[in-house]
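Structure record follows, encoded as structure tokens.
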Amino acid sequence: MGPLFSGILVLMVASTVLVIAFCAAKLFLSWRDAVISAALFTVFSGLGTLLGLFGQAVWLPPTLEAGQAGTYLAISLACGLISGLGAVAIFVARRRSR
């Protein structure tokens, strides 16, 4: 894949995650807080996924079997999900404490 295609793919995934996160946040929060929490979730889940990918690259062998690659990606996505949810939880807790 070329860099242009990869960039477009990343933007498509990020925009889909942003819309889904906003819809979920709008169920529980006001408009402004939902926008902020959706953006926080998207940014921190992306960073958490990258951190999970690079963190595992340190201890995983250079060659992966097909089953191991699925586990590798699942752990990376779990890191992203935990990071995004943690950022939103901190934002909501601080917003409600005011």
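Chain identifiers are assigned as A, B, and so on, following the order in which chains appear in the structure tokens; residues are numbered from 1 within each chain, and ligands are numbered from 1 in order of appearance.
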
Contacts of range 69-84 of chain A at 12 Å or less, counting only C-alpha atoms, minus same-chain residues fewer than 6 places along, as JSON, numbers by chain? {"A": [17, 18, 21, 37, 38, 39, 40, 41, 42, 43, 44, 45, 46, 47, 48, 49, 50, 51, 52, 53, 54, 55, 56, 57, 59, 60, 61, 62, 63, 90, 91]}

Can I get the selected residues back with N, CA, C and O atoms, as a short mmCIF file (atom, residue, chain, number, x, y, z; two decimals), in the first residue's frame?
data_model
loop_
_atom_site.label_atom_id
_atom_site.label_comp_id
_atom_site.auth_asym_id
_atom_site.auth_seq_id
_atom_site.Cartn_x
_atom_site.Cartn_y
_atom_site.Cartn_z
N VAL A 17 -14.75 6.14 13.67
CA VAL A 17 -14.67 6.04 15.13
C VAL A 17 -15.18 7.32 15.77
O VAL A 17 -15.89 7.27 16.79
N LEU A 18 -14.86 8.47 15.20
CA LEU A 18 -15.31 9.74 15.75
C LEU A 18 -16.83 9.86 15.72
O LEU A 18 -17.45 10.27 16.71
N ALA A 21 -18.26 7.35 18.30
CA ALA A 21 -18.00 7.83 19.66
C ALA A 21 -18.91 9.02 20.00
O ALA A 21 -19.41 9.13 21.12
N SER A 37 -15.65 14.78 24.31
CA SER A 37 -15.32 13.41 24.70
C SER A 37 -15.13 12.50 23.49
O SER A 37 -14.28 11.62 23.52
N ALA A 38 -15.87 12.73 22.40
CA ALA A 38 -15.66 11.93 21.19
C ALA A 38 -14.28 12.21 20.58
O ALA A 38 -13.59 11.28 20.15
N ALA A 39 -13.88 13.47 20.58
CA ALA A 39 -12.55 13.81 20.06
C ALA A 39 -11.46 13.23 20.95
O ALA A 39 -10.47 12.68 20.44
N LEU A 40 -11.64 13.32 22.26
CA LEU A 40 -10.67 12.72 23.18
C LEU A 40 -10.56 11.21 22.97
O LEU A 40 -9.46 10.65 22.94
N PHE A 41 -11.72 10.55 22.83
CA PHE A 41 -11.70 9.11 22.62
C PHE A 41 -10.97 8.74 21.33
O PHE A 41 -10.15 7.82 21.32
N THR A 42 -11.24 9.48 20.26
CA THR A 42 -10.61 9.16 18.98
C THR A 42 -9.10 9.35 19.03
O THR A 42 -8.34 8.48 18.59
N VAL A 43 -8.66 10.46 19.59
CA VAL A 43 -7.22 10.74 19.65
C VAL A 43 -6.50 9.75 20.56
O VAL A 43 -5.50 9.14 20.18
N PHE A 44 -7.03 9.56 21.77
CA PHE A 44 -6.33 8.70 22.72
C PHE A 44 -6.42 7.22 22.36
O PHE A 44 -5.52 6.45 22.65
N SER A 45 -7.50 6.81 21.71
CA SER A 45 -7.56 5.40 21.28
C SER A 45 -6.58 5.16 20.14
O SER A 45 -5.96 4.10 20.07
N GLY A 46 -6.42 6.14 19.26
CA GLY A 46 -5.41 6.00 18.20
C GLY A 46 -4.01 5.94 18.76
O GLY A 46 -3.19 5.10 18.36
N LEU A 47 -3.71 6.83 19.70
CA LEU A 47 -2.38 6.82 20.32
C LEU A 47 -2.15 5.55 21.13
O LEU A 47 -1.05 4.99 21.12
N GLY A 48 -3.19 5.09 21.82
CA GLY A 48 -3.05 3.85 22.59
C GLY A 48 -2.83 2.64 21.71
O GLY A 48 -2.06 1.73 22.05
N THR A 49 -3.49 2.62 20.55
CA THR A 49 -3.28 1.52 19.61
C THR A 49 -1.86 1.53 19.07
O THR A 49 -1.20 0.49 18.99
N LEU A 50 -1.36 2.72 18.71
CA LEU A 50 0.03 2.81 18.25
C LEU A 50 1.01 2.41 19.34
O LEU A 50 1.99 1.72 19.09
N LEU A 51 0.73 2.83 20.57
CA LEU A 51 1.59 2.45 21.68
C LEU A 51 1.58 0.94 21.87
O LEU A 51 2.62 0.33 22.12
N GLY A 52 0.40 0.33 21.75
CA GLY A 52 0.31 -1.13 21.85
C GLY A 52 1.07 -1.83 20.74
O GLY A 52 1.75 -2.82 20.97
N LEU A 53 0.98 -1.31 19.52
CA LEU A 53 1.70 -1.91 18.39
C LEU A 53 3.21 -1.82 18.59
O LEU A 53 3.93 -2.81 18.44
N PHE A 54 3.69 -0.63 18.92
CA PHE A 54 5.13 -0.46 19.08
C PHE A 54 5.64 -1.14 20.35
O PHE A 54 6.76 -1.64 20.38
N GLY A 55 4.83 -1.16 21.39
CA GLY A 55 5.25 -1.84 22.62
C GLY A 55 5.40 -3.33 22.42
O GLY A 55 6.33 -3.96 22.94
N GLN A 56 4.50 -3.92 21.66
CA GLN A 56 4.61 -5.35 21.40
C GLN A 56 5.72 -5.68 20.42
O GLN A 56 6.26 -6.78 20.44
N ALA A 57 6.06 -4.75 19.56
CA ALA A 57 7.13 -4.99 18.59
C ALA A 57 8.46 -5.23 19.29
O ALA A 57 9.35 -5.86 18.73
N TRP A 59 8.94 -7.03 22.13
CA TRP A 59 9.10 -8.37 22.67
C TRP A 59 8.59 -9.49 21.77
O TRP A 59 8.81 -10.65 22.06
N LEU A 60 7.92 -9.17 20.66
CA LEU A 60 7.46 -10.23 19.76
C LEU A 60 8.56 -10.62 18.78
O LEU A 60 9.40 -9.80 18.42
N PRO A 61 8.56 -11.86 18.35
CA PRO A 61 9.56 -12.28 17.35
C PRO A 61 9.31 -11.58 16.01
O PRO A 61 8.19 -11.16 15.74
N PRO A 62 10.32 -11.47 15.17
CA PRO A 62 10.15 -10.76 13.90
C PRO A 62 9.20 -11.48 12.93
O PRO A 62 8.61 -10.85 12.07
N THR A 63 9.06 -12.77 13.05
CA THR A 63 8.13 -13.50 12.18
C THR A 63 6.95 -13.95 13.01
O THR A 63 7.10 -14.53 14.08
N ILE A 90 -11.84 10.30 32.62
CA ILE A 90 -11.22 11.41 33.35
C ILE A 90 -11.91 12.73 33.00
O ILE A 90 -12.20 13.55 33.87
N PHE A 91 -12.20 12.93 31.71
CA PHE A 91 -12.88 14.16 31.28
C PHE A 91 -14.25 14.28 31.92
O PHE A 91 -14.62 15.33 32.45
#

Would you please extract all helix (DSSP H, G or I) residues from range 10-67 of chain A, as assigned by DSSP on the backbone, and give them as a VMD selection string? chain A and resid 10 to 26 31 to 59 66 to 67

Could the residues in this selection be written to a file with N, CA and C atoms, as a compact mmCIF listing (two decimals), in the first residue's frame?
# COMPACT_ATOMS: atom_id res chain seq x y z
N VAL A 10 -6.53 5.48 7.07
CA VAL A 10 -6.48 5.92 8.46
C VAL A 10 -7.52 7.00 8.72
N LEU A 11 -7.67 7.95 7.79
CA LEU A 11 -8.68 9.00 7.95
C LEU A 11 -10.10 8.43 7.94
N MET A 12 -10.34 7.44 7.11
CA MET A 12 -11.67 6.82 7.06
C MET A 12 -11.99 6.11 8.37
N VAL A 13 -11.03 5.37 8.90
CA VAL A 13 -11.25 4.67 10.17
C VAL A 13 -11.44 5.67 11.31
N ALA A 14 -10.60 6.71 11.34
CA ALA A 14 -10.69 7.70 12.41
C ALA A 14 -12.01 8.46 12.36
N SER A 15 -12.47 8.79 11.16
CA SER A 15 -13.74 9.51 11.07
C SER A 15 -14.92 8.62 11.46
N THR A 16 -14.85 7.34 11.13
CA THR A 16 -15.90 6.42 11.55
C THR A 16 -15.92 6.27 13.07
N VAL A 17 -14.75 6.14 13.67
CA VAL A 17 -14.67 6.04 15.13
C VAL A 17 -15.18 7.32 15.77
N LEU A 18 -14.86 8.47 15.20
CA LEU A 18 -15.31 9.74 15.75
C LEU A 18 -16.83 9.86 15.72
N VAL A 19 -17.45 9.46 14.63
CA VAL A 19 -18.91 9.54 14.53
C VAL A 19 -19.57 8.57 15.51
N ILE A 20 -19.07 7.36 15.60
CA ILE A 20 -19.65 6.38 16.53
C ILE A 20 -19.46 6.84 17.98
N ALA A 21 -18.26 7.35 18.30
CA ALA A 21 -18.00 7.83 19.66
C ALA A 21 -18.91 9.02 20.00
N PHE A 22 -19.13 9.91 19.02
CA PHE A 22 -20.01 11.04 19.27
C PHE A 22 -21.44 10.58 19.53
N CYS A 23 -21.93 9.65 18.71
CA CYS A 23 -23.30 9.15 18.91
C CYS A 23 -23.47 8.50 20.28
N ALA A 24 -22.47 7.74 20.69
CA ALA A 24 -22.54 7.09 22.01
C ALA A 24 -22.47 8.13 23.13
N ALA A 25 -21.61 9.14 22.98
CA ALA A 25 -21.47 10.16 24.02
C ALA A 25 -22.70 11.05 24.10
N LYS A 26 -23.35 11.28 22.96
CA LYS A 26 -24.52 12.16 22.94
C LYS A 26 -25.68 11.56 23.72
N TRP A 31 -24.33 18.46 24.26
CA TRP A 31 -23.73 18.56 22.93
C TRP A 31 -22.23 18.87 23.00
N ARG A 32 -21.87 19.89 23.75
CA ARG A 32 -20.46 20.32 23.83
C ARG A 32 -19.59 19.24 24.47
N ASP A 33 -20.06 18.67 25.55
CA ASP A 33 -19.29 17.62 26.23
C ASP A 33 -19.18 16.37 25.36
N ALA A 34 -20.21 16.07 24.58
CA ALA A 34 -20.17 14.91 23.70
C ALA A 34 -19.13 15.10 22.59
N VAL A 35 -19.05 16.30 22.05
CA VAL A 35 -18.05 16.58 21.01
C VAL A 35 -16.64 16.44 21.57
N ILE A 36 -16.41 17.02 22.75
CA ILE A 36 -15.08 16.96 23.37
C ILE A 36 -14.72 15.53 23.72
N SER A 37 -15.65 14.78 24.31
CA SER A 37 -15.32 13.41 24.70
C SER A 37 -15.13 12.50 23.49
N ALA A 38 -15.87 12.73 22.40
CA ALA A 38 -15.66 11.93 21.19
C ALA A 38 -14.28 12.21 20.58
N ALA A 39 -13.88 13.47 20.58
CA ALA A 39 -12.55 13.81 20.06
C ALA A 39 -11.46 13.23 20.95
N LEU A 40 -11.64 13.32 22.26
CA LEU A 40 -10.67 12.72 23.18
C LEU A 40 -10.56 11.21 22.97
N PHE A 41 -11.72 10.55 22.83
CA PHE A 41 -11.70 9.11 22.62
C PHE A 41 -10.97 8.74 21.33
N THR A 42 -11.24 9.48 20.26
CA THR A 42 -10.61 9.16 18.98
C THR A 42 -9.10 9.35 19.03
N VAL A 43 -8.66 10.46 19.59
CA VAL A 43 -7.22 10.74 19.65
C VAL A 43 -6.50 9.75 20.56
N PHE A 44 -7.03 9.56 21.77
CA PHE A 44 -6.33 8.70 22.72
C PHE A 44 -6.42 7.22 22.36
N SER A 45 -7.50 6.81 21.71
CA SER A 45 -7.56 5.40 21.28
C SER A 45 -6.58 5.16 20.14
N GLY A 46 -6.42 6.14 19.26
CA GLY A 46 -5.41 6.00 18.20
C GLY A 46 -4.01 5.94 18.76
N LEU A 47 -3.71 6.83 19.70
CA LEU A 47 -2.38 6.82 20.32
C LEU A 47 -2.15 5.55 21.13
N GLY A 48 -3.19 5.09 21.82
CA GLY A 48 -3.05 3.85 22.59
C GLY A 48 -2.83 2.64 21.71
N THR A 49 -3.49 2.62 20.55
CA THR A 49 -3.28 1.52 19.61
C THR A 49 -1.86 1.53 19.07
N LEU A 50 -1.36 2.72 18.71
CA LEU A 50 0.03 2.81 18.25
C LEU A 50 1.01 2.41 19.34
N LEU A 51 0.73 2.83 20.57
CA LEU A 51 1.59 2.45 21.68
C LEU A 51 1.58 0.94 21.87
N GLY A 52 0.40 0.33 21.75
CA GLY A 52 0.31 -1.13 21.85
C GLY A 52 1.07 -1.83 20.74
N LEU A 53 0.98 -1.31 19.52
CA LEU A 53 1.70 -1.91 18.39
C LEU A 53 3.21 -1.82 18.59
N PHE A 54 3.69 -0.63 18.92
CA PHE A 54 5.13 -0.46 19.08
C PHE A 54 5.64 -1.14 20.35
N GLY A 55 4.83 -1.16 21.39
CA GLY A 55 5.25 -1.84 22.62
C GLY A 55 5.40 -3.33 22.42
N GLN A 56 4.50 -3.92 21.66
CA GLN A 56 4.61 -5.35 21.40
C GLN A 56 5.72 -5.68 20.42
N ALA A 57 6.06 -4.75 19.56
CA ALA A 57 7.13 -4.99 18.59
C ALA A 57 8.46 -5.23 19.29
N VAL A 58 8.58 -4.74 20.52
CA VAL A 58 9.83 -4.92 21.26
C VAL A 58 10.01 -6.38 21.67
N TRP A 59 8.94 -7.03 22.13
CA TRP A 59 9.10 -8.37 22.67
C TRP A 59 8.59 -9.49 21.77
N ALA A 66 0.03 -16.83 11.46
CA ALA A 66 -1.26 -16.19 11.19
C ALA A 66 -2.08 -16.03 12.47
N GLY A 67 -2.10 -17.00 13.33
CA GLY A 67 -2.85 -16.90 14.58
C GLY A 67 -2.26 -15.88 15.53
